[in-house]
file final_36.cif (mmCIF, C-alpha atoms)
data_structure
#
loop_
_atom_site.label_atom_id
_atom_site.label_comp_id
_atom_site.auth_asym_id
_atom_site.auth_seq_id
_atom_site.Cartn_x
_atom_site.Cartn_y
_atom_site.Cartn_z
CA MET A 1 0.00 0.00 0.00
CA PRO A 2 1.54 3.37 -0.97
CA THR A 3 2.24 5.77 1.87
CA THR A 4 0.27 8.95 2.20
CA GLY A 5 3.19 10.93 3.56
CA THR A 6 3.15 13.10 6.64
CA ASN A 7 0.18 15.41 7.08
CA VAL A 8 -1.76 17.13 9.84
CA GLN A 9 -5.34 18.18 9.25
CA LEU A 10 -7.00 20.48 11.75
CA ILE A 11 -10.61 19.55 12.40
CA ARG A 12 -11.43 22.04 15.19
CA ASN A 13 -9.72 23.19 18.39
CA ALA A 14 -7.20 20.42 19.26
CA THR A 15 -8.95 17.76 17.17
CA ILE A 16 -6.57 16.77 14.39
CA LEU A 17 -5.85 13.94 11.99
CA VAL A 18 -2.17 12.97 11.91
CA ASP A 19 -0.98 10.92 8.93
CA VAL A 20 2.35 9.14 9.36
CA GLY A 21 2.95 7.04 6.28
CA ASP A 22 -0.27 5.14 5.62
CA THR A 23 -1.45 5.27 9.25
CA THR A 24 -3.86 7.94 10.48
CA PHE A 25 -4.39 8.94 14.11
CA LEU A 26 -7.38 10.93 15.32
CA VAL A 27 -6.13 13.09 18.20
CA ASP A 28 -8.32 14.65 20.91
CA PRO A 29 -11.78 14.18 19.37
CA MET A 30 -14.33 16.83 20.35
CA PHE A 31 -17.49 16.49 18.27
CA THR A 32 -20.03 18.57 20.22
CA PRO A 33 -22.08 20.88 17.94
CA GLN A 34 -21.52 24.62 18.22
CA GLY A 35 -22.82 26.14 21.46
CA GLU A 36 -23.97 22.90 23.09
CA MET A 37 -21.24 22.77 25.74
CA PRO A 38 -21.05 25.16 28.72
CA THR A 39 -18.34 27.69 29.31
CA VAL A 40 -15.00 26.30 30.42
CA THR A 41 -15.51 27.26 34.05
CA ASP A 42 -18.78 25.29 34.23
CA ASN A 43 -16.91 22.06 33.55
CA PRO A 44 -16.06 19.91 36.62
CA ALA A 45 -12.47 19.44 35.42
CA VAL A 46 -11.77 23.14 36.02
CA PRO A 47 -11.07 24.31 39.61
CA GLU A 48 -14.05 26.16 41.04
CA PHE A 49 -12.19 29.38 41.88
CA LEU A 50 -11.39 30.14 38.21
CA THR A 51 -13.39 32.62 36.14
CA THR A 52 -13.22 33.69 32.50
CA ALA A 53 -13.43 37.05 30.74
CA ASN A 54 -16.54 35.93 28.86
CA GLN A 55 -19.30 33.39 29.33
CA LYS A 56 -19.74 32.23 25.74
CA ARG A 57 -20.99 28.69 25.28
CA ASN A 58 -18.67 26.19 23.63
CA PRO A 59 -17.63 25.26 21.06
CA LEU A 60 -17.62 28.73 19.55
CA VAL A 61 -17.59 27.40 15.98
CA PRO A 62 -19.16 24.43 14.16
CA LEU A 63 -17.35 21.35 12.99
CA PRO A 64 -16.14 21.75 9.40
CA ASP A 65 -17.57 19.48 6.74
CA VAL A 66 -14.70 17.01 6.49
CA SER A 67 -14.46 13.24 6.26
CA LEU A 68 -13.02 11.50 9.30
CA SER A 69 -11.14 8.32 8.45
CA TYR A 70 -8.58 6.99 10.93
CA ASP A 71 -6.91 3.86 12.24
CA ALA A 72 -6.58 4.74 15.92
CA VAL A 73 -7.48 7.42 18.46
CA VAL A 74 -5.07 9.29 20.74
CA VAL A 75 -6.27 11.36 23.71
CA THR A 76 -3.72 13.68 25.32
CA HIS A 77 -5.99 14.26 28.37
CA ARG A 78 -9.67 14.13 29.20
CA HIS A 79 -10.58 17.80 29.52
CA PRO A 80 -13.92 18.29 27.72
CA ASP A 81 -12.43 20.29 24.84
CA HIS A 82 -10.23 17.28 24.04
CA TRP A 83 -12.60 14.42 24.82
CA ASP A 84 -16.35 14.94 24.98
CA GLU A 85 -19.58 13.00 25.27
CA ALA A 86 -20.20 13.28 21.54
CA ALA A 87 -16.88 11.54 20.82
CA ARG A 88 -17.68 8.82 23.34
CA GLU A 89 -20.95 8.16 21.57
CA GLU A 90 -19.62 8.32 18.01
CA LEU A 91 -16.40 6.31 18.23
CA ASP A 92 -16.49 2.55 17.80
CA ALA A 93 -16.03 0.73 21.09
CA ASP A 94 -13.25 -1.44 19.63
CA VAL A 95 -11.14 1.38 18.15
CA PRO A 96 -7.51 1.28 19.37
CA LEU A 97 -7.34 4.15 21.87
CA PHE A 98 -4.01 5.45 23.19
CA CYS A 99 -3.96 7.57 26.36
CA GLN A 100 -2.19 8.52 29.58
CA PRO A 101 -1.92 5.64 32.08
CA GLU A 102 -3.79 7.71 34.69
CA GLU A 103 -6.86 7.87 32.46
CA ALA A 104 -7.01 4.35 31.01
CA GLU A 105 -9.57 3.07 33.51
CA ALA A 106 -11.96 5.91 32.70
CA PHE A 107 -11.99 4.94 29.02
CA THR A 108 -12.53 1.29 29.90
CA ASP A 109 -15.40 2.28 32.17
CA GLU A 110 -16.96 4.11 29.21
CA GLY A 111 -17.03 0.86 27.27
CA PHE A 112 -13.92 1.06 25.10
CA ALA A 113 -12.47 -2.41 24.63
CA ASP A 114 -9.02 -1.67 23.18
CA VAL A 115 -7.55 0.95 25.51
CA ARG A 116 -3.77 1.18 25.27
CA PRO A 117 -2.16 3.33 27.98
CA VAL A 118 1.29 4.56 26.99
CA ASP A 119 3.83 4.63 29.80
CA ASP A 120 6.82 5.63 27.68
CA GLU A 121 6.52 4.18 24.19
CA THR A 122 4.58 1.67 22.15
CA SER A 123 4.02 0.88 18.49
CA PHE A 124 1.08 0.69 16.14
CA ASP A 125 0.92 -0.24 12.46
CA GLY A 126 4.57 0.56 11.82
CA VAL A 127 4.59 3.81 13.84
CA THR A 128 6.39 4.16 17.16
CA ILE A 129 4.42 6.28 19.64
CA TYR A 130 6.17 8.05 22.50
CA ARG A 131 4.33 9.81 25.31
CA THR A 132 5.87 13.16 26.28
CA PRO A 133 5.42 15.47 29.29
CA GLY A 134 3.39 18.66 29.36
CA GLN A 135 2.77 21.51 31.79
CA HIS A 136 -0.77 22.89 31.51
CA GLY A 137 0.00 26.34 32.93
CA HIS A 138 2.21 27.72 35.68
CA GLY A 139 2.68 26.84 39.34
CA GLU A 140 -0.28 25.70 41.40
CA LEU A 141 -2.69 26.36 38.54
CA ALA A 142 -0.86 23.81 36.39
CA GLU A 143 -1.10 21.27 39.20
CA GLY A 144 -4.83 21.89 39.44
CA MET A 145 -5.30 21.29 35.73
CA GLY A 146 -4.18 17.70 36.20
CA PRO A 147 -1.78 15.51 34.22
CA VAL A 148 -1.45 16.19 30.50
CA SER A 149 0.64 14.57 27.82
CA GLY A 150 1.94 15.06 24.32
CA PHE A 151 2.81 12.34 21.83
CA VAL A 152 5.54 11.78 19.25
CA PHE A 153 4.66 9.70 16.20
CA GLU A 154 7.77 8.27 14.57
CA GLY A 155 7.68 6.61 11.15
CA ASP A 156 9.65 7.55 8.05
CA GLU A 157 9.11 11.09 9.33
CA THR A 158 8.34 12.28 12.84
CA VAL A 159 5.46 14.39 14.19
CA TYR A 160 5.46 15.84 17.72
CA VAL A 161 2.00 16.77 19.04
CA ALA A 162 2.82 18.76 22.16
CA GLY A 163 -0.68 18.84 23.69
CA ASP A 164 -1.86 21.38 26.24
CA THR A 165 1.44 22.75 27.50
CA ILE A 166 3.37 25.96 27.82
CA TRP A 167 6.96 26.34 26.65
CA TYR A 168 9.21 24.85 29.32
CA GLU A 169 12.41 22.84 29.47
CA PRO A 170 10.97 19.36 28.76
CA VAL A 171 9.44 20.62 25.50
CA GLU A 172 12.87 21.82 24.40
CA GLU A 173 14.33 18.47 25.42
CA ILE A 174 11.79 16.59 23.30
CA LEU A 175 12.66 18.76 20.30
CA ASP A 176 16.35 18.00 20.82
CA GLN A 177 15.79 14.28 21.37
CA PHE A 178 13.49 13.50 18.46
CA GLU A 179 14.34 16.24 15.94
CA PRO A 180 10.78 16.10 14.57
CA ASP A 181 9.88 17.00 11.02
CA MET A 182 6.60 18.58 12.13
CA VAL A 183 5.52 20.05 15.47
CA VAL A 184 1.88 20.69 16.39
CA LEU A 185 1.32 23.21 19.16
CA ASN A 186 -1.83 24.06 21.10
CA GLY A 187 -2.03 27.84 20.92
CA GLY A 188 -4.86 30.20 21.75
CA LYS A 189 -3.17 31.49 24.92
CA ALA A 190 -5.97 29.96 26.96
CA GLN A 191 -6.34 31.97 30.12
CA PHE A 192 -8.55 32.51 33.12
CA GLU A 193 -8.92 35.78 34.98
CA GLN A 194 -6.66 34.23 37.62
CA GLY A 195 -3.08 33.22 36.91
CA GLU A 196 -0.98 33.02 33.78
CA PRO A 197 -1.90 31.37 30.43
CA ILE A 198 -2.31 27.60 30.39
CA THR A 199 -1.55 27.01 26.69
CA MET A 200 0.95 28.59 24.33
CA GLY A 201 0.88 32.24 23.35
CA VAL A 202 3.10 34.20 20.98
CA GLU A 203 6.22 34.02 23.18
CA ASP A 204 5.92 30.26 23.70
CA ILE A 205 5.33 29.59 20.02
CA SER A 206 8.22 31.86 19.03
CA ALA A 207 10.48 29.95 21.42
CA VAL A 208 9.54 26.66 19.75
CA ARG A 209 10.10 28.21 16.33
CA GLU A 210 13.62 29.25 17.37
CA ALA A 211 14.39 25.82 18.86
CA THR A 212 13.60 23.63 15.84
CA ASP A 213 13.87 23.43 12.06
CA ALA A 214 10.59 21.52 11.94
CA THR A 215 7.42 22.65 10.24
CA VAL A 216 5.46 24.32 13.07
CA VAL A 217 1.65 24.09 13.05
CA VAL A 218 -0.51 25.86 15.64
CA VAL A 219 -4.02 24.64 16.45
CA HIS A 220 -6.33 25.08 19.50
CA MET A 221 -7.45 28.49 18.23
CA GLU A 222 -10.75 30.40 18.32
CA ALA A 223 -12.94 27.46 19.37
CA ILE A 224 -13.18 27.62 23.19
CA ASN A 225 -14.19 30.66 25.24
CA HIS A 226 -10.98 31.00 27.27
CA CYS A 227 -8.70 30.96 24.19
CA LEU A 228 -8.12 34.68 23.74
CA LEU A 229 -5.33 34.80 21.13
CA SER A 230 -6.73 34.97 17.60
CA ARG A 231 -5.30 33.47 14.45
CA GLU A 232 -4.91 36.95 12.96
CA GLU A 233 -2.90 38.16 15.96
CA LEU A 234 -0.69 35.07 15.96
CA ARG A 235 0.04 35.31 12.24
CA ALA A 236 0.92 38.98 12.60
CA GLU A 237 3.35 38.38 15.44
CA THR A 238 5.17 35.24 14.30
CA GLU A 239 7.11 34.16 11.23
CA ASP A 240 7.30 30.81 9.46
CA VAL A 241 4.44 29.33 11.49
CA HIS A 242 1.40 27.60 9.98
CA VAL A 243 -1.92 28.60 11.56
CA PRO A 244 -4.52 26.51 9.70
CA GLU A 245 -8.21 27.21 9.45
CA ASP A 246 -10.62 24.49 10.56
CA GLY A 247 -10.55 21.71 7.98
CA GLU A 248 -7.22 22.77 6.51
CA GLN A 249 -4.38 20.28 5.98
CA ILE A 250 -0.65 20.99 6.34
CA SER A 251 1.70 18.56 4.59
CA LEU A 252 5.43 18.04 4.59
#

call {"tool": "encode", "arguments": {"input": "final_36.cif", "output": "C-alpha cells"}}
result
Amino acid sequence: MPTTGTNVQLIRNATILVDVGDTTFLVDPMFTPQGEMPTVTDNPAVPEFLTTANQKRNPLVPLPDVSLSYDAVVVTHRHPDHWDEAAREELDADVPLFCQPEEAEAFTDEGFADVRPVDDETSFDGVTIYRTPGQHGHGELAEGMGPVSGFVFEGDETVYVAGDTIWYEPVEEILDQFEPDMVVLNGGKAQFEQGEPITMGVEDISAVREATDATVVVVHMEAINHCLLSREELRAETEDVHVPEDGEQISL
C-alpha cells in the first residue's frame, strides 16, 4: 500500500488527523455541535475558583464538513475540549485508543475495549508512539489542571504533538531528542482571569520556532471561550508558522 506521507489536518480546536505514512491517528476528538457545551468554568475538570473574561458557550464554531477516516485514536488528556460526550458516543467501542496511564480506567469504564495506555513508548501499524510530558499552565494552577501529555509519532518522518502545554524545558528536550519534522502546538493562549496562560501564546510559540527546524503548526485556536489569542494576531506576530483554518491540511 503506498504511503500517504506526513500530514496534519485540523478539524477544530485540538482535534486533528495525523498521517504518518499510511497510518492515520485521530487526536483529541471533540465532536459537540456549536454552542452545546457550557463555558470552560462550568466544567467539573476546572477548579471552582477560576473565572473567565466571557461566558460564551462552547464550542464557539461548528465542525467543518470534512471526512473523518482513521486507524486509531489518541487522547492527550480528558478535559472536555479534548474528549467529549459526543466523541464517546460516536467512536467505535473497539477502536484502538491510546492515552495517559492515569486515564485508562476511565476509558474502559466508558465501554472502550481496546484501551492502550502509553507509559513511555509503544508501536502501532509501523509507527512508534512516545508519550511526552506537558505543563498545563504555571505553578499551582498547572497542578490543578491535572496531568497532561503530548505524543511523538515516529515513522519515516516524525510528528510531535505537544498537547496542552506551555513552553518549558521538557518541550525543548523533546525537540532536541526526536528532531521532529513537524511540530503541532496548542495555541490560543488559553487563560482565566486568575493566573498566567495555560496554553501557548506568541512568546511560547516563538520559542519553539527558534528551537527547531521543523514545520510548526498551531491549532487550539478560536474554538473555546478562554482561548483569547486569535489566528490573525498570531500570524501577525510570528514568522514561518502555519496557523490553519478548521478543515485545513498541512503537509510536509

call {"tool": "resolve_selection", "arguments": {"input": "final_36.cif", "expression": "the PyMOL selection byres ((chain A and resi 49-65) around 10)", "output": "ChimeraX atom specification"}}
result
/A:10-13,30-42,46-48,66-68,81,141,190-195,222-228,245-248

call {"tool": "closest_residue", "arguments": {"input": "final_36.cif", "among": "A:His77, A:His138, A:His220, A:His242", "to": "Ile16 of chain A", "atoms": "all atoms listed in the file"}}
result
A:His220

call {"tool": "resolve_selection", "arguments": {"input": "final_36.cif", "expression": "the PyMOL selection byres ((chain A and resi 172-182) around 6)", "output": "PyMOL selection string"}}
result
chain A and resi 158-159+169-171+183+214-216

call {"tool": "closest_residue", "arguments": {"input": "final_36.cif", "among": "A:Pro101, A:Val219, A:Glu203, A:Glu154", "to": "Gln249 of chain A", "atoms": "only C-alpha atoms"}}
result
A:Val219

call {"tool": "resolve_selection", "arguments": {"input": "final_36.cif", "expression": "the PyMOL selection byres ((chain A and resi 122) around 12)", "output": "number ranges by chain"}}
result
A: 98-99, 116-121, 123-131, 151-154

call {"tool": "residues_around", "arguments": {"input": "final_36.cif", "residues": "Gly187 of chain A", "least_positions_apart": "6", "cutoff": "8 Å", "atoms": "all atoms listed in the file", "output": "list in words"}}
result
Thr199, Met200, Gly201, Ile205, Val218, Val219, His220, Met221 and Leu229 of chain A

call {"tool": "atom_distance", "arguments": {"input": "final_36.cif", "atom1": "atom CA of Glu196 of chain A", "atom2": "atom CA of Glu233 of chain A"}}
result
18.6 Å

call {"tool": "closest_residue", "arguments": {"input": "final_36.cif", "among": "A:Leu26, A:Glu110, A:Arg88, A:Thr4", "to": "Asp71 of chain A", "atoms": "all atoms listed in the file"}}
result
A:Leu26

call {"tool": "closest_residue", "arguments": {"input": "final_36.cif", "among": "A:His79, A:Glu237, A:Glu90, A:Ala162", "to": "Asn43 of chain A", "atoms": "only C-alpha atoms"}}
result
A:His79

call {"tool": "atom_distance", "arguments": {"input": "final_36.cif", "atom1": "atom CA of Ser149 of chain A", "atom2": "atom CA of Ile198 of chain A"}}
result
13.6 Å

call {"tool": "decode", "arguments": {"input": "final_36.cif", "residues": "segment 200-225 of chain A", "atoms": "N, CA and C atoms", "output": "mmCIF file, in the first residue's frame"}}
result
data_model
loop_
_atom_site.group_PDB
_atom_site.id
_atom_site.type_symbol
_atom_site.label_atom_id
_atom_site.label_comp_id
_atom_site.auth_asym_id
_atom_site.auth_seq_id
_atom_site.Cartn_x
_atom_site.Cartn_y
_atom_site.Cartn_z
ATOM 1 N N MET A 200 -0.080 27.743 24.924
ATOM 2 C CA MET A 200 0.947 28.594 24.330
ATOM 3 C C MET A 200 0.384 29.876 23.721
ATOM 4 N N GLY A 201 1.115 30.971 23.997
ATOM 5 C CA GLY A 201 0.880 32.244 23.347
ATOM 6 C C GLY A 201 2.022 32.555 22.403
ATOM 7 N N VAL A 202 2.104 33.805 21.985
ATOM 8 C CA VAL A 202 3.099 34.204 20.984
ATOM 9 C C VAL A 202 4.517 33.900 21.455
ATOM 10 N N GLU A 203 4.848 34.231 22.700
ATOM 11 C CA GLU A 203 6.216 34.024 23.175
ATOM 12 C C GLU A 203 6.584 32.548 23.213
ATOM 13 N N ASP A 204 5.654 31.703 23.668
ATOM 14 C CA ASP A 204 5.918 30.259 23.704
ATOM 15 C C ASP A 204 6.149 29.718 22.300
ATOM 16 N N ILE A 205 5.259 30.095 21.390
ATOM 17 C CA ILE A 205 5.330 29.589 20.016
ATOM 18 C C ILE A 205 6.605 30.080 19.335
ATOM 19 N N SER A 206 6.981 31.328 19.595
ATOM 20 C CA SER A 206 8.224 31.855 19.028
ATOM 21 C C SER A 206 9.431 31.110 19.572
ATOM 22 N N ALA A 207 9.375 30.718 20.844
ATOM 23 C CA ALA A 207 10.483 29.952 21.424
ATOM 24 C C ALA A 207 10.616 28.593 20.749
ATOM 25 N N VAL A 208 9.482 27.938 20.475
ATOM 26 C CA VAL A 208 9.536 26.662 19.755
ATOM 27 C C VAL A 208 10.096 26.874 18.360
ATOM 28 N N ARG A 209 9.637 27.926 17.697
ATOM 29 C CA ARG A 209 10.104 28.208 16.335
ATOM 30 C C ARG A 209 11.623 28.382 16.299
ATOM 31 N N GLU A 210 12.174 29.026 17.309
ATOM 32 C CA GLU A 210 13.618 29.247 17.367
ATOM 33 C C GLU A 210 14.385 27.976 17.715
ATOM 34 N N ALA A 211 13.712 27.016 18.348
ATOM 35 C CA ALA A 211 14.390 25.823 18.860
ATOM 36 C C ALA A 211 14.420 24.666 17.867
ATOM 37 N N THR A 212 13.703 24.771 16.749
ATOM 38 C CA THR A 212 13.601 23.633 15.844
ATOM 39 C C THR A 212 13.543 24.089 14.393
ATOM 40 N N ASP A 213 14.006 23.204 13.508
ATOM 41 C CA ASP A 213 13.873 23.434 12.065
ATOM 42 C C ASP A 213 12.596 22.807 11.511
ATOM 43 N N ALA A 214 11.793 22.216 12.375
ATOM 44 C CA ALA A 214 10.590 21.517 11.938
ATOM 45 C C ALA A 214 9.554 22.480 11.365
ATOM 46 N N THR A 215 8.622 21.928 10.603
ATOM 47 C CA THR A 215 7.417 22.652 10.236
ATOM 48 C C THR A 215 6.576 22.805 11.491
ATOM 49 N N VAL A 216 6.207 24.047 11.844
ATOM 50 C CA VAL A 216 5.456 24.319 13.071
ATOM 51 C C VAL A 216 4.017 24.665 12.711
ATOM 52 N N VAL A 217 3.085 23.914 13.291
ATOM 53 C CA VAL A 217 1.650 24.088 13.048
ATOM 54 C C VAL A 217 0.985 24.418 14.375
ATOM 55 N N VAL A 218 0.163 25.457 14.401
ATOM 56 C CA VAL A 218 -0.506 25.863 15.639
ATOM 57 C C VAL A 218 -2.010 25.672 15.496
ATOM 58 N N VAL A 219 -2.579 24.893 16.420
ATOM 59 C CA VAL A 219 -4.021 24.638 16.453
ATOM 60 C C VAL A 219 -4.553 25.131 17.805
ATOM 61 N N HIS A 220 -5.761 24.678 18.212
ATOM 62 C CA HIS A 220 -6.333 25.081 19.501
ATOM 63 C C HIS A 220 -6.596 26.584 19.496
ATOM 64 N N MET A 221 -7.221 27.066 18.420
ATOM 65 C CA MET A 221 -7.454 28.491 18.232
ATOM 66 C C MET A 221 -8.935 28.761 17.984
ATOM 67 N N GLU A 222 -9.458 29.793 18.639
ATOM 68 C CA GLU A 222 -10.755 30.400 18.318
ATOM 69 C C GLU A 222 -11.955 29.455 18.432
ATOM 70 N N ALA A 223 -11.843 28.420 19.269
ATOM 71 C CA ALA A 223 -12.942 27.463 19.374
ATOM 72 C C ALA A 223 -13.518 27.338 20.781
ATOM 73 N N ILE A 224 -12.766 27.767 21.801
ATOM 74 C CA ILE A 224 -13.179 27.619 23.194
ATOM 75 C C ILE A 224 -13.096 28.985 23.876
ATOM 76 N N ASN A 225 -14.001 29.273 24.789
ATOM 77 C CA ASN A 225 -14.188 30.655 25.242
ATOM 78 C C ASN A 225 -13.030 31.249 26.033
#
